[in-house]
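See below for the structure under consideration.
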Amino acid sequence: MTKYIYGIDIGGTTVKMGLFDEKGDMLEKWEIVTRKENNGENILPDIVKSIKEKNTEKSIETDDILGIGMGVPGPITEDGRVLKCANLGWGIFSVADEMSKLTGVEKVKVGNDANVAALGEQWRGGGRGFDNIVMVTLGTGVGGGIIIDGKPLVGAHGAGGEIGHLCVNYEETDHCGCGNTGCLEQYASATGITRLANIRLAKDDAKSVLREQEVSAKTVFDAVKAGDAVAKEIAEEFGKYLGHAMANLAAVVDPSAIVIGGGVSKAGEVLIEYVEKNFKERAFFANKDTEFVLATLGNDAGICGAAKLILS
């Protein structure tokens with residue numbers, strides 16, 4: 001009799017869902033809308049409804065389900081409690097207990113979405129073959145996950161792996177979304193790279209193709225690939241912030257590999273070059289051979305990692 005696992009990745013716009021077999025192979029994936037109104041009171045019931053519909057469609061009994069793994073965008077304690085989830089409107093409650101009650105499935109494991117995505121990449125993606133990785137997700141913000149001996153580093157407050165809020169510039173006066181100043185997110189996210197580019201372009205009149213188009217992380221790295229000198233300066237500054245931050249982090253957790261994902265990572269190997277060069281410049285000698293790799297699972301990282309929570 002086949003046993004099944006549900007892997008769920010709750011995002012601010014959609015909930016990604018996957019059905020896996022007991023070996024961890026993905027059988028199907030789909031999405032439902034994240035209904036955030038009334039402090040997100042519909043989110044879990046909607047997920048449960050979708051699971052029950054899939055059970056009916058596939059003739060899956062509750063006893064056939066090994067467990068349900070979930071990634072949630074916020075700090076999550078080891079026992080599956082949300083401490084606060086501003087994006088969804090959730091306060092403090094146990095997601096794991098609630099899901100278990102609503103579905104009748106005893107084994108429910110919940111983790112921070114970035115940690116869960118990192119686990120997915122370590123298991124089935126760019127970090128495959130490495131037991132110890134740091135994953136950096138470069139999107140609208142900078143997310144991260146740290147996997148030590150095949151398990152996510154959660155921490156005492158569920159905030160382990162919040163790489164985007166390492167302070168990398170003590171002179172910064174502009175505030176990050178978290179309220180602090182000088183956070184990595186202000187320089188290495190898609191919006192951060194755009195900010196660096198606009199500051200550089202305002203400095204002088206140096207010729208650049210970036211002056212002829214909308215400035216974004218994508219146009220910056222496209223210009224780098226085309227040999228634009230100003231774009232290369234911007235990429236170098238980005239690479240310093242991220243590379244030096246990763247060197248500091250490596251001195252603490254000593255990863256085998258640093259996996260870079262998120263929308264910005266679509267720039268490809270050229271992005272890795274700028275980060276790795278600056279990492280090696282600052283890294284402790286024992287960390288200098290840490291590998292840099294691109295994430296490969298894309299939007300499936302979260303559901304894969306969620307399923308792996310059940311198999312771990």
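Scheme for the structure tokens: letters A, B, ... for chains in order shown; per-chain residue numbers from 1; ligand numbers from 1 in order shown.
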- Message: Can you tell me which residues surround stretch 109-126 of chain A at a distance of at most 8 Å, considering only C-alpha atoms, apart from same-chain residues fewer than 5 positions away, and format the answer as a PyMOL selection string?
- Response: chain A and resi 9-10+67-81+95-96+131+133-135+137+143-147+150-154+158+161+259+293-297+301-306+308-310
- Item | 6 Å contact set for stretch 173-190 of chain A, only C-alpha atoms, chain neighbours under 5 positions out, as number ranges by chain | A: 138-142, 164-168, 217, 238
- Please identify all polymer residues within 8 Å of stretch 243-252 of chain A, counting only C-alpha atoms, omitting same-chain residues fewer than 5 positions from it, and present them as number ranges by chain. A: 166, 168, 184, 274-284, 287
- Message: List the spatial neighbours of A:Lys203 as a list in words - criterion: any atom at most 12 Å away, only C-alpha atoms, same-chain residues fewer than 5 positions off excluded.
- Response: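 Residues near the query, excluding close chain neighbours: Leu196, Ala197, Asn198, Val230 and Ile234 of chain A.
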Pull N, CA, C and O atoms from the residues just selected and write them as a compact mmCIF listing (two decimals), in the first residue's frame.
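What landed in again.txt:
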# COMPACT_ATOMS: atom_id res chain seq x y z
N LEU A 196 21.38 50.46 -5.52
CA LEU A 196 22.82 50.66 -5.77
C LEU A 196 23.05 51.28 -7.15
O LEU A 196 23.89 52.16 -7.33
N ALA A 197 22.29 50.78 -8.13
CA ALA A 197 22.44 51.26 -9.51
C ALA A 197 22.06 52.73 -9.63
O ALA A 197 22.78 53.52 -10.26
N ASN A 198 20.95 53.10 -9.00
CA ASN A 198 20.51 54.50 -9.09
C ASN A 198 21.47 55.44 -8.39
O ASN A 198 21.73 56.56 -8.87
N VAL A 230 29.88 50.65 -16.22
CA VAL A 230 29.16 51.14 -15.03
C VAL A 230 28.39 49.98 -14.38
O VAL A 230 28.38 49.84 -13.15
N ILE A 234 28.55 48.36 -10.45
CA ILE A 234 27.39 48.09 -9.60
C ILE A 234 27.43 46.63 -9.15
O ILE A 234 27.21 46.31 -7.96
- Please provide the set of residues having any atom within 6 Å of stretch 16-32 of chain A, restricted to only C-alpha atoms, with same-chain residues fewer than 5 positions apart removed, written as a PyMOL selection string. chain A and resi 3-9+303
- Quick one: everything within 6 Å of A:Val82, counting only C-alpha atoms, minus sequence neighbours fewer than 2 positions away in the same chain. Send it as a PyMOL selection string. chain A and resi 76+84+92-93
- Task: Please measure the separation of atom CA of A:Val215 and atom CA of A:Ser265, giving the value in Å to one decimal.
- Result: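 Going from atom CA of A:Val215 over to atom CA of A:Ser265 covers 16.8 Å.
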- Task: Would you please extract all strand (DSSP E or B) residues from stretch 39-236 of chain A, as assigned by DSSP on the backbone, and give them as an MDAnalysis selection string?
- Result: chainID A and resid 65:72 76 81:82 85 90 93:94 108:112 133:138 142:148 151:152 167 175 181 183
Write out, as a short mmCIF file (atom, residue, chain, number, x, y, z; two decimals), in the first residue's frame, the residues just selected, with N, CA, C and O atoms.
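again_25.cif, freshly written:
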data_model
loop_
_atom_site.label_atom_id
_atom_site.label_comp_id
_atom_site.auth_asym_id
_atom_site.auth_seq_id
_atom_site.Cartn_x
_atom_site.Cartn_y
_atom_site.Cartn_z
N ILE A 65 -1.76 8.63 4.68
CA ILE A 65 -0.92 9.84 4.66
C ILE A 65 0.14 9.75 5.76
O ILE A 65 -0.18 9.70 6.94
N LEU A 66 1.41 9.71 5.31
CA LEU A 66 2.53 9.67 6.28
C LEU A 66 2.61 10.95 7.09
O LEU A 66 2.94 10.93 8.26
N GLY A 67 2.34 12.07 6.43
CA GLY A 67 2.40 13.34 7.13
C GLY A 67 2.20 14.52 6.19
O GLY A 67 2.15 14.37 4.97
N ILE A 68 2.08 15.69 6.79
CA ILE A 68 1.94 16.94 6.05
C ILE A 68 3.06 17.87 6.50
O ILE A 68 3.21 18.16 7.70
N GLY A 69 3.88 18.32 5.53
CA GLY A 69 4.95 19.28 5.82
C GLY A 69 4.54 20.64 5.28
O GLY A 69 3.91 20.73 4.23
N MET A 70 4.91 21.70 5.99
CA MET A 70 4.50 23.04 5.58
C MET A 70 5.62 24.06 5.77
O MET A 70 6.35 24.03 6.76
N GLY A 71 5.72 24.98 4.81
CA GLY A 71 6.60 26.14 4.93
C GLY A 71 5.74 27.38 5.09
O GLY A 71 4.79 27.57 4.33
N VAL A 72 6.07 28.21 6.07
CA VAL A 72 5.27 29.40 6.39
C VAL A 72 6.18 30.63 6.42
O VAL A 72 7.29 30.56 6.97
N ILE A 76 9.15 30.34 12.88
CA ILE A 76 8.41 29.17 13.37
C ILE A 76 9.29 28.44 14.38
O ILE A 76 10.46 28.17 14.09
N ARG A 81 5.03 26.30 16.14
CA ARG A 81 4.24 27.48 16.49
C ARG A 81 4.69 28.69 15.68
O ARG A 81 5.88 28.96 15.56
N VAL A 82 3.71 29.44 15.15
CA VAL A 82 3.99 30.72 14.50
C VAL A 82 4.13 31.77 15.59
O VAL A 82 3.27 31.86 16.47
N CYS A 85 3.24 36.30 11.85
CA CYS A 85 3.35 36.18 10.41
C CYS A 85 2.62 37.35 9.77
O CYS A 85 1.46 37.26 9.41
N TRP A 90 -1.32 36.49 10.59
CA TRP A 90 -1.41 35.54 11.70
C TRP A 90 -0.69 36.08 12.93
O TRP A 90 0.36 36.71 12.84
N PHE A 93 0.12 31.15 17.19
CA PHE A 93 -0.67 29.92 17.36
C PHE A 93 0.09 28.75 16.78
O PHE A 93 1.07 28.93 16.04
N SER A 94 -0.32 27.53 17.11
CA SER A 94 0.36 26.34 16.62
C SER A 94 -0.26 25.87 15.31
O SER A 94 -1.35 25.31 15.29
N VAL A 108 2.36 16.36 11.51
CA VAL A 108 2.41 17.63 10.77
C VAL A 108 3.64 18.37 11.25
O VAL A 108 3.83 18.58 12.44
N LYS A 109 4.51 18.74 10.30
CA LYS A 109 5.73 19.48 10.64
C LYS A 109 5.72 20.80 9.87
O LYS A 109 5.41 20.83 8.68
N VAL A 110 6.09 21.86 10.57
CA VAL A 110 6.03 23.21 10.00
C VAL A 110 7.38 23.89 10.19
O VAL A 110 8.01 23.76 11.24
N GLY A 111 7.82 24.62 9.16
CA GLY A 111 9.07 25.37 9.25
C GLY A 111 8.96 26.70 8.55
O GLY A 111 8.01 26.95 7.79
N ASN A 112 9.91 27.57 8.81
CA ASN A 112 10.01 28.83 8.08
C ASN A 112 10.19 28.54 6.60
O ASN A 112 10.91 27.63 6.22
N ILE A 133 24.74 23.30 4.06
CA ILE A 133 24.66 24.38 3.07
C ILE A 133 24.09 25.65 3.69
O ILE A 133 23.40 25.61 4.71
N VAL A 134 24.42 26.75 3.06
CA VAL A 134 23.72 28.01 3.30
C VAL A 134 22.99 28.32 2.00
O VAL A 134 23.59 28.27 0.92
N MET A 135 21.69 28.61 2.10
CA MET A 135 20.97 29.03 0.91
C MET A 135 20.60 30.49 1.06
O MET A 135 20.09 30.91 2.10
N VAL A 136 20.88 31.26 0.02
CA VAL A 136 20.52 32.68 -0.02
C VAL A 136 19.51 32.87 -1.14
O VAL A 136 19.77 32.48 -2.28
N THR A 137 18.36 33.44 -0.79
CA THR A 137 17.32 33.68 -1.79
C THR A 137 17.26 35.17 -2.07
O THR A 137 16.91 35.96 -1.19
N LEU A 138 17.64 35.55 -3.30
CA LEU A 138 17.68 36.96 -3.68
C LEU A 138 16.42 37.29 -4.49
O LEU A 138 16.33 36.99 -5.68
N VAL A 142 15.91 39.60 0.84
CA VAL A 142 16.93 38.55 0.88
C VAL A 142 16.52 37.56 1.97
O VAL A 142 16.45 37.93 3.15
N GLY A 143 16.22 36.35 1.56
CA GLY A 143 15.88 35.30 2.51
C GLY A 143 17.04 34.35 2.64
O GLY A 143 18.03 34.44 1.92
N GLY A 144 16.92 33.43 3.56
CA GLY A 144 18.00 32.47 3.71
C GLY A 144 17.61 31.28 4.54
O GLY A 144 16.61 31.32 5.28
N GLY A 145 18.36 30.24 4.38
CA GLY A 145 18.17 29.04 5.18
C GLY A 145 19.51 28.38 5.39
O GLY A 145 20.37 28.41 4.49
N ILE A 146 19.72 27.83 6.56
CA ILE A 146 20.98 27.16 6.88
C ILE A 146 20.66 25.71 7.22
O ILE A 146 19.81 25.43 8.07
N ILE A 147 21.30 24.79 6.51
CA ILE A 147 21.11 23.35 6.75
C ILE A 147 22.40 22.79 7.33
O ILE A 147 23.46 22.88 6.72
N ILE A 148 22.29 22.24 8.55
CA ILE A 148 23.44 21.64 9.22
C ILE A 148 23.15 20.16 9.42
O ILE A 148 22.13 19.79 10.01
N LYS A 151 19.70 19.11 8.44
CA LYS A 151 18.52 19.64 9.14
C LYS A 151 18.57 21.16 9.19
O LYS A 151 19.64 21.74 9.38
N PRO A 152 17.40 21.81 9.06
CA PRO A 152 17.37 23.29 9.12
C PRO A 152 17.79 23.79 10.50
O PRO A 152 17.42 23.21 11.52
N CYS A 167 23.95 42.84 9.40
CA CYS A 167 24.36 44.22 9.14
C CYS A 167 25.68 44.21 8.35
O CYS A 167 26.66 43.64 8.78
N HIS A 175 16.64 53.14 6.30
CA HIS A 175 16.16 52.00 7.06
C HIS A 175 15.71 50.84 6.17
O HIS A 175 15.11 51.06 5.11
N THR A 181 19.17 49.46 10.13
CA THR A 181 19.88 50.09 9.02
C THR A 181 21.08 49.25 8.61
O THR A 181 21.67 48.57 9.45
N CYS A 183 21.21 46.63 6.54
CA CYS A 183 20.98 45.19 6.35
C CYS A 183 21.39 44.75 4.94
O CYS A 183 21.23 45.50 3.97
#
- Message: Can you tell me, as a ChimeraX atom specification, which residues in stretch 169-304 of chain A count as helix (DSSP H, G or I) by DSSP?
- Response: /A:185-188,190-203,209-212,217-225,229-253,263-267,269-282,285-287,298-304
Which residues are near A:Ala231? Cut-off 10 Å, only C-alpha atoms, ignore same chain within fewer than 2 positions. Put them as a CSV table (one decimal) with N, CA and C atoms, in the first residue's frame.
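Result saved to part_1.csv:
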chain,number,residue,atom,x,y,z
A,197,ALA,N,22.3,50.8,-8.1
A,197,ALA,CA,22.4,51.3,-9.5
A,197,ALA,C,22.1,52.7,-9.6
A,200,ARG,N,24.7,54.9,-8.1
A,200,ARG,CA,25.9,55.0,-9.0
A,200,ARG,C,25.7,55.9,-10.2
A,201,LEU,N,24.5,55.7,-10.8
A,201,LEU,CA,24.2,56.5,-12.0
A,201,LEU,C,24.1,58.0,-11.7
A,208,SER,N,26.5,54.7,-20.0
A,208,SER,CA,26.0,53.4,-19.7
A,208,SER,C,24.7,53.1,-20.3
A,209,VAL,N,24.5,51.9,-20.8
A,209,VAL,CA,23.2,51.5,-21.4
A,209,VAL,C,22.1,51.6,-20.4
A,210,LEU,N,22.4,51.6,-19.1
A,210,LEU,CA,21.4,51.6,-18.0
A,210,LEU,C,20.7,53.0,-18.0
A,219,THR,N,18.2,44.3,-15.6
A,219,THR,CA,18.9,45.1,-16.6
A,219,THR,C,20.4,45.4,-16.2
A,220,VAL,N,20.6,45.4,-14.9
A,220,VAL,CA,22.0,45.6,-14.5
A,220,VAL,C,22.9,44.4,-14.9
A,221,PHE,N,22.4,43.2,-14.7
A,221,PHE,CA,23.2,42.0,-15.0
A,221,PHE,C,23.2,41.7,-16.5
A,222,ASP,N,22.2,42.1,-17.2
A,222,ASP,CA,22.2,42.1,-18.7
A,222,ASP,C,23.3,43.0,-19.2
A,223,ALA,N,23.4,44.2,-18.6
A,223,ALA,CA,24.4,45.1,-19.0
A,223,ALA,C,25.8,44.6,-18.7
A,224,VAL,N,25.9,44.0,-17.6
A,224,VAL,CA,27.2,43.4,-17.2
A,224,VAL,C,27.7,42.4,-18.3
A,225,LYS,N,26.7,41.5,-18.7
A,225,LYS,CA,27.0,40.5,-19.7
A,225,LYS,C,27.4,41.2,-21.0
A,226,ALA,N,26.9,42.4,-21.3
A,226,ALA,CA,27.2,43.1,-22.5
A,226,ALA,C,28.4,43.9,-22.4
A,227,GLY,N,29.1,43.9,-21.2
A,227,GLY,CA,30.4,44.6,-21.1
A,227,GLY,C,30.3,46.0,-20.6
A,228,ASP,N,29.1,46.4,-20.1
A,228,ASP,CA,29.0,47.8,-19.7
A,228,ASP,C,29.8,48.1,-18.4
A,229,ALA,N,30.7,49.1,-18.5
A,229,ALA,CA,31.6,49.4,-17.4
A,229,ALA,C,30.9,49.8,-16.1
A,233,GLU,N,30.6,48.0,-12.3
A,233,GLU,CA,30.9,48.6,-11.0
A,233,GLU,C,29.8,48.3,-10.0
A,234,ILE,N,28.5,48.4,-10.5
A,234,ILE,CA,27.4,48.1,-9.6
A,234,ILE,C,27.4,46.6,-9.1
A,235,ALA,N,27.7,45.7,-10.1
A,235,ALA,CA,27.8,44.3,-9.8
A,235,ALA,C,28.9,44.0,-8.8
A,236,GLU,N,30.0,44.7,-8.9
A,236,GLU,CA,31.1,44.6,-8.0
A,236,GLU,C,30.7,45.0,-6.6
A,237,GLU,N,30.0,46.1,-6.5
A,237,GLU,CA,29.6,46.5,-5.1
A,237,GLU,C,28.6,45.5,-4.5
- Rank nothing, just name the residue among A:Glu273, A:Lys54, A:Gly91, A:Asp97 nearest to A:Asn38, using only C-alpha atoms.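 Nearest to A:Asn38: A:Gly91.
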- Query: Distance atom CA of A:Val105-atom CA of A:Asp64, one decimal place?
  - Reply: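 Distance between the two atoms: 9.5 Å.
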- Message: Under the rule that only C-alpha atoms are counted, which of A:Leu88, A:Glu41, A:Leu311, A:Ser100 is the nearest residue to A:Thr14?
- Response: A:Leu88
- Message: What's the separation between atom CA of A:Asp149 and atom CA of A:Pro255, in Å to one decimal place?
- Response: 9.8 Å
